[in-house]
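**Student:** Contents of final10.txt (compact mmCIF, C-alpha atoms):
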# COMPACT_ATOMS: atom_id res chain seq x y z
CA MET A 1 82.58 -15.65 -14.67
CA LYS A 2 86.30 -15.64 -15.41
CA ARG A 3 88.77 -17.19 -13.03
CA TRP A 4 91.48 -14.92 -11.57
CA HIS A 5 94.29 -16.24 -13.80
CA GLU A 6 92.11 -15.62 -16.88
CA LEU A 7 91.60 -11.93 -16.13
CA THR A 8 93.29 -9.31 -18.32
CA MET A 9 94.99 -6.26 -16.82
CA LYS A 10 91.87 -4.22 -17.62
CA ASP A 11 89.64 -6.79 -15.91
CA ALA A 12 91.89 -6.77 -12.85
CA ASP A 13 91.91 -2.96 -12.74
CA ASP A 14 88.12 -2.84 -13.10
CA ALA A 15 87.76 -5.38 -10.29
CA TYR A 16 90.12 -3.36 -8.11
CA GLN A 17 88.20 -0.13 -8.73
CA TYR A 18 84.90 -1.88 -8.04
CA ALA A 19 86.22 -3.30 -4.75
CA LEU A 20 87.39 0.18 -3.73
CA GLU A 21 83.94 1.57 -4.52
CA ILE A 22 82.33 -1.05 -2.30
CA LEU A 23 84.69 -0.26 0.57
CA GLU A 24 84.11 3.49 0.19
CA LYS A 25 80.34 3.05 -0.09
CA TYR A 26 80.16 1.12 3.18
CA GLU A 27 82.96 2.91 5.01
CA GLN A 28 80.53 3.81 7.81
CA LEU A 29 80.54 0.11 8.75
CA GLY A 30 84.21 0.34 9.69
CA PRO A 31 86.29 -2.81 9.15
CA ILE A 32 83.31 -5.07 8.35
CA PRO A 33 83.46 -4.68 4.52
CA GLY A 34 87.23 -5.16 4.52
CA ILE A 35 86.86 -8.41 6.45
CA ALA A 36 83.73 -9.59 4.63
CA LEU A 37 85.15 -9.52 1.09
CA PRO A 38 88.11 -11.87 1.77
CA PHE A 39 85.83 -14.02 3.92
CA LEU A 40 83.37 -14.48 1.03
CA GLU A 41 86.21 -15.52 -1.30
CA ALA A 42 86.67 -18.69 0.77
CA PHE A 43 83.10 -19.71 -0.14
CA LEU A 44 83.17 -18.27 -3.67
CA PRO A 45 86.65 -19.10 -5.00
CA PHE A 46 86.05 -17.42 -8.36
CA LEU A 47 86.31 -14.07 -6.56
CA PRO A 48 89.78 -12.43 -6.84
CA LEU A 49 91.27 -12.48 -3.33
CA ILE A 50 94.37 -10.53 -4.42
CA VAL A 51 92.18 -7.67 -5.66
CA PHE A 52 90.42 -7.54 -2.28
CA VAL A 53 93.76 -7.52 -0.45
CA LEU A 54 95.09 -4.67 -2.61
CA ALA A 55 91.82 -2.75 -2.25
CA ASN A 56 91.93 -3.12 1.53
CA GLY A 57 95.47 -1.77 1.50
CA GLY A 58 94.37 1.20 -0.59
CA ALA A 59 91.28 1.92 1.50
CA TYR A 60 92.56 1.26 5.04
CA GLY A 61 96.32 1.59 4.72
CA LEU A 62 99.03 -1.05 5.01
CA ALA A 63 98.54 -2.10 8.66
CA LYS A 64 94.74 -2.15 8.86
CA GLY A 65 94.38 -3.39 5.28
CA PHE A 66 96.62 -6.35 6.03
CA LEU A 67 94.85 -7.10 9.32
CA TYR A 68 91.33 -7.04 7.85
CA SER A 69 92.33 -9.16 4.85
CA TRP A 70 94.12 -11.67 7.09
CA ILE A 71 91.19 -12.01 9.49
CA GLY A 72 88.60 -12.41 6.73
CA SER A 73 90.59 -14.80 4.54
CA SER A 74 91.92 -16.97 7.40
CA PHE A 75 88.58 -17.22 9.19
CA GLY A 76 86.81 -18.02 5.91
CA MET A 77 89.19 -20.87 5.09
CA ILE A 78 88.90 -22.33 8.58
CA VAL A 79 85.08 -22.22 8.47
CA VAL A 80 84.98 -23.95 5.06
CA PHE A 81 87.45 -26.58 6.30
CA LEU A 82 85.30 -27.30 9.36
CA ILE A 83 82.17 -27.58 7.19
CA ILE A 84 83.87 -30.09 4.87
CA ARG A 85 85.21 -32.05 7.85
CA LYS A 86 81.75 -32.17 9.45
CA TYR A 87 79.95 -33.34 6.31
CA GLU A 88 82.70 -35.49 4.80
CA ASP A 89 80.44 -38.56 5.11
CA LYS A 90 77.94 -37.09 2.64
CA ARG A 91 77.71 -38.78 -0.74
CA ILE A 92 79.34 -36.00 -2.75
CA PHE A 93 82.43 -35.97 -0.52
CA GLN A 94 82.59 -39.77 -0.43
CA ARG A 95 82.75 -39.80 -4.22
CA LEU A 96 85.57 -37.29 -4.17
CA LYS A 97 87.47 -39.27 -1.54
CA ALA A 98 87.15 -42.40 -3.69
CA ASP A 99 88.80 -40.68 -6.67
CA ARG A 100 92.30 -42.05 -7.25
CA ARG A 101 93.87 -38.62 -7.80
CA VAL A 102 92.23 -37.15 -4.70
CA LYS A 103 93.41 -40.14 -2.65
CA LYS A 104 96.96 -39.59 -3.84
CA ILE A 105 96.93 -35.90 -2.90
CA THR A 106 95.24 -36.42 0.48
CA SER A 107 97.68 -39.18 1.45
CA TRP A 108 100.60 -36.90 0.52
CA VAL A 109 99.15 -34.10 2.66
CA GLU A 110 98.58 -36.52 5.54
CA ARG A 111 102.19 -37.69 5.43
CA ASN A 112 103.67 -34.20 5.36
CA GLY A 113 101.15 -32.30 7.50
CA PHE A 114 101.95 -28.65 8.12
CA GLY A 115 104.75 -28.23 5.56
CA PRO A 116 103.00 -28.46 2.17
CA LEU A 117 99.90 -26.64 3.41
CA PHE A 118 102.00 -23.75 4.68
CA ILE A 119 104.03 -23.48 1.47
CA LEU A 120 100.93 -23.58 -0.76
CA LEU A 121 99.16 -20.92 1.31
CA CYS A 122 102.19 -18.60 1.08
CA PHE A 123 101.67 -18.17 -2.68
CA PRO A 124 99.03 -15.67 -3.91
CA PHE A 125 97.75 -17.83 -6.77
CA SER A 126 97.44 -21.13 -4.90
CA PRO A 127 93.94 -22.66 -5.28
CA SER A 128 92.68 -22.14 -1.73
CA ALA A 129 89.38 -23.92 -2.49
CA LEU A 130 91.26 -27.05 -3.57
CA ILE A 131 93.56 -26.84 -0.55
CA ASN A 132 90.52 -26.60 1.71
CA LEU A 133 88.86 -29.58 0.04
CA VAL A 134 91.91 -31.83 0.16
CA ALA A 135 92.73 -30.87 3.76
CA GLY A 136 89.11 -31.38 4.84
CA LEU A 137 88.93 -34.84 3.28
CA SER A 138 92.32 -35.87 4.65
CA LYS A 139 93.20 -36.89 8.20
CA VAL A 140 95.22 -33.76 8.83
CA ARG A 141 94.64 -32.56 12.38
CA ILE A 142 92.53 -29.44 12.80
CA GLN A 143 95.34 -27.79 14.78
CA GLN A 144 97.79 -28.41 11.94
CA PHE A 145 95.46 -26.91 9.36
CA ILE A 146 94.64 -23.83 11.45
CA LEU A 147 98.34 -23.26 12.14
CA ALA A 148 99.19 -23.53 8.43
CA VAL A 149 96.37 -21.15 7.48
CA LEU A 150 97.19 -18.49 10.06
CA LEU A 151 100.91 -18.45 9.25
CA GLY A 152 100.68 -19.07 5.50
CA LYS A 153 98.02 -16.40 5.04
CA THR A 154 100.15 -13.99 7.06
CA VAL A 155 103.01 -14.36 4.60
CA MET A 156 100.84 -14.25 1.48
CA ILE A 157 98.58 -11.35 2.47
CA PHE A 158 101.37 -9.24 3.93
CA SER A 159 103.50 -9.82 0.82
CA VAL A 160 100.69 -8.80 -1.53
CA THR A 161 99.80 -5.75 0.55
CA TYR A 162 103.44 -4.76 0.92
CA ILE A 163 104.29 -5.21 -2.76
CA GLY A 164 101.06 -3.61 -3.96
CA SER A 165 101.61 -0.54 -1.79
CA SER A 166 104.72 0.39 -3.78
CA ILE A 167 105.53 -1.80 -6.78
CA VAL A 168 108.05 0.68 -8.17
CA GLU A 169 109.92 0.93 -4.88
CA PHE A 170 109.94 -2.85 -4.59
CA ALA A 171 111.58 -3.17 -8.03
CA LYS A 172 114.18 -0.54 -7.16
CA HIS A 173 115.15 -2.20 -3.86
CA PRO A 174 115.81 -5.98 -4.17
CA LEU A 175 116.45 -6.02 -0.41
CA LYS A 176 112.70 -6.10 0.04
CA THR A 177 112.63 -9.44 -1.76
CA VAL A 178 115.16 -10.77 0.76
CA ILE A 179 112.92 -9.52 3.58
CA ILE A 180 109.94 -11.46 2.19
CA ILE A 181 112.01 -14.64 1.82
CA GLY A 182 113.31 -14.17 5.36
CA CYS A 183 109.77 -13.84 6.69
CA ILE A 184 108.71 -17.03 4.91
CA SER A 185 111.69 -18.90 6.40
CA CYS A 186 110.93 -17.64 9.91
CA PHE A 187 107.28 -18.61 9.71
CA TRP A 188 108.26 -22.02 8.30
CA LEU A 189 110.60 -22.73 11.23
CA PHE A 190 108.15 -21.36 13.78
CA GLY A 191 105.27 -23.38 12.33
CA THR A 192 107.32 -26.57 12.25
CA TYR A 193 108.30 -26.06 15.89
CA LEU A 194 104.69 -25.49 16.96
CA GLU A 195 103.51 -28.49 14.96
CA LYS A 196 106.00 -30.81 16.66
CA LYS A 197 105.04 -29.41 20.05
CA LEU A 198 101.34 -30.02 19.35
CA LEU A 199 102.01 -33.56 18.15
CA ARG A 200 104.08 -34.38 21.24
CA ARG A 201 101.33 -33.01 23.49
CA GLN A 202 98.66 -35.09 21.72
CA GLU A 203 100.80 -38.25 21.93
CA THR A 204 101.32 -37.64 25.65
CA ASN A 205 97.58 -37.19 26.20
Give the structure from this file in structure tokens form.

**Tutor:**
Amino acid sequence: MKRWHELTMKDADDAYQYALEILEKYEQLGPIPGIALPFLEAFLPFLPLIVFVLANGGAYGLAKGFLYSWIGSSFGMIVVFLIIRKYEDKRIFQRLKADRRVKKITSWVERNGFGPLFILLCFPFSPSALINLVAGLSKVRIQQFILAVLLGKTVMIFSVTYIGSSIVEFAKHPLKTVIIIGCISCFWLFGTYLEKKLLRRQETN
């Protein structure tokens, strides 16, 4: 199976059409298929999340498509993170934690907390499986990770849905790019504020 960045335009279009067919075939189930596809991507990272997000936008519209993709993708990442955190003492994870490169990345994430996780999750092509693994093996607080996922995925999924809904219009109106950057900045500031508040509360307790 090809990874997402190895797909050609034809492969991506075929994947998009196939995802739309799945959503149309099971439309009687309501939002369940739209939530399930992004959720599965967290467990099967070779699946193209961006295709699912675009397909949800095409099948459900901008608002519902964004909401279903955000719920499925965010919840999937959080579940995988909690699984890794629970079984981090298993041999396979202990071997990974002992790797020098993994140690370097996890220590960097631990030092910076919310910031790097949020930034990475804002970008569509960030390796979410690797982010999950590193965060799960690190000492990052669960609250920090969940906050970064919920806000970072909001920016990424909304951006993809918004851009995909009208690529031509987006190219004609650069102001939309400014709007996306503004949203990222707002979420960054809001997330940093919440993180500091959570840390102060935990230190007080």

**Student:** Find the spatial neighbours of Leu117 in chain A, counting only C-alpha atoms, within a cut-off of 9 Å - ignore same-chain residues fewer than 2 positions away - and output them as a PyMOL selection string.

**Tutor:** chain A and resi 109+112-115+119-122+131+135+144-145+148-149+152

**Student:** Let me see the file: selected residues, C-alpha atoms, as a PDB file, keeping the file's coordinate frame.

**Tutor:**
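For reference, again-v2.pdb as written:
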ATOM      1  CA  VAL A 109      99.150 -34.100   2.660  1.00  0.00           C
ATOM      2  CA  ASN A 112     103.670 -34.200   5.360  1.00  0.00           C
ATOM      3  CA  GLY A 113     101.150 -32.300   7.500  1.00  0.00           C
ATOM      4  CA  PHE A 114     101.950 -28.650   8.120  1.00  0.00           C
ATOM      5  CA  GLY A 115     104.750 -28.230   5.560  1.00  0.00           C
ATOM      6  CA  ILE A 119     104.030 -23.480   1.470  1.00  0.00           C
ATOM      7  CA  LEU A 120     100.930 -23.580  -0.760  1.00  0.00           C
ATOM      8  CA  LEU A 121      99.160 -20.920   1.310  1.00  0.00           C
ATOM      9  CA  CYS A 122     102.190 -18.600   1.080  1.00  0.00           C
ATOM     10  CA  ILE A 131      93.560 -26.840  -0.550  1.00  0.00           C
ATOM     11  CA  ALA A 135      92.730 -30.870   3.760  1.00  0.00           C
ATOM     12  CA  GLN A 144      97.790 -28.410  11.940  1.00  0.00           C
ATOM     13  CA  PHE A 145      95.460 -26.910   9.360  1.00  0.00           C
ATOM     14  CA  ALA A 148      99.190 -23.530   8.430  1.00  0.00           C
ATOM     15  CA  VAL A 149      96.370 -21.150   7.480  1.00  0.00           C
ATOM     16  CA  GLY A 152     100.680 -19.070   5.500  1.00  0.00           C
TER      17      GLY A 152
END

**Student:** Select, from A:Ile78, A:Leu175, A:Ala55, A:Val155, the residue with the minimum atom-to-atom distance to Gln143 in chain A, counting all atoms listed in the file.

**Tutor:** A:Ile78

**Student:** Could you pull the residues within 12 Å of Ser74 in chain A, counting all atoms listed in the file, minus those fewer than 4 positions along the same chain, as an mmCIF file with C-alpha atoms, in the frame of the given file?

**Tutor:**
data_model
loop_
_atom_site.group_PDB
_atom_site.id
_atom_site.type_symbol
_atom_site.label_atom_id
_atom_site.label_comp_id
_atom_site.auth_asym_id
_atom_site.auth_seq_id
_atom_site.Cartn_x
_atom_site.Cartn_y
_atom_site.Cartn_z
ATOM 1 C CA ILE A 35 86.860 -8.410 6.450
ATOM 2 C CA ALA A 36 83.730 -9.590 4.630
ATOM 3 C CA LEU A 37 85.150 -9.520 1.090
ATOM 4 C CA PRO A 38 88.110 -11.870 1.770
ATOM 5 C CA PHE A 39 85.830 -14.020 3.920
ATOM 6 C CA LEU A 40 83.370 -14.480 1.030
ATOM 7 C CA GLU A 41 86.210 -15.520 -1.300
ATOM 8 C CA ALA A 42 86.670 -18.690 0.770
ATOM 9 C CA PHE A 43 83.100 -19.710 -0.140
ATOM 10 C CA LEU A 49 91.270 -12.480 -3.330
ATOM 11 C CA PHE A 66 96.620 -6.350 6.030
ATOM 12 C CA LEU A 67 94.850 -7.100 9.320
ATOM 13 C CA TYR A 68 91.330 -7.040 7.850
ATOM 14 C CA SER A 69 92.330 -9.160 4.850
ATOM 15 C CA TRP A 70 94.120 -11.670 7.090
ATOM 16 C CA ILE A 78 88.900 -22.330 8.580
ATOM 17 C CA VAL A 79 85.080 -22.220 8.470
ATOM 18 C CA VAL A 80 84.980 -23.950 5.060
ATOM 19 C CA PHE A 81 87.450 -26.580 6.300
ATOM 20 C CA LEU A 121 99.160 -20.920 1.310
ATOM 21 C CA SER A 128 92.680 -22.140 -1.730
ATOM 22 C CA ASN A 132 90.520 -26.600 1.710
ATOM 23 C CA PHE A 145 95.460 -26.910 9.360
ATOM 24 C CA ILE A 146 94.640 -23.830 11.450
ATOM 25 C CA LEU A 147 98.340 -23.260 12.140
ATOM 26 C CA ALA A 148 99.190 -23.530 8.430
ATOM 27 C CA VAL A 149 96.370 -21.150 7.480
ATOM 28 C CA LEU A 150 97.190 -18.490 10.060
ATOM 29 C CA LEU A 151 100.910 -18.450 9.250
ATOM 30 C CA GLY A 152 100.680 -19.070 5.500
ATOM 31 C CA LYS A 153 98.020 -16.400 5.040
ATOM 32 C CA THR A 154 100.150 -13.990 7.060
ATOM 33 C CA VAL A 155 103.010 -14.360 4.600
ATOM 34 C CA MET A 156 100.840 -14.250 1.480
ATOM 35 C CA ILE A 157 98.580 -11.350 2.470
#

**Student:** Do you know which residues are at most 8 Å from Gly58 in chain A counting all atoms listed in the file, after dropping those on the same chain fewer than 4 positions away, and could you put them as a PyMOL selection string?

**Tutor:** chain A and resi 20+54+62+65+165

**Student:** Excluding same-chain residues fewer than 5 positions from Ser107 in chain A, what lies within 9 Å of it counting all atoms listed in the file, as a PyMOL selection string?

**Tutor:** chain A and resi 102+112+138-139

**Student:** Please, what distance in Å, to one decimal, runs between CA of Leu96 in chain A and CA of Ile83 in chain A?

**Tutor:**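 Interatomic distance, CA of Leu96 in chain A to CA of Ile83 in chain A: 15.3 Å.
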
**Student:** From the list A:Val134, A:Ile105, A:Phe52, A:Tyr26, which residue is nearest Ser73 in chain A when using only C-alpha atoms?

**Tutor:** A:Phe52
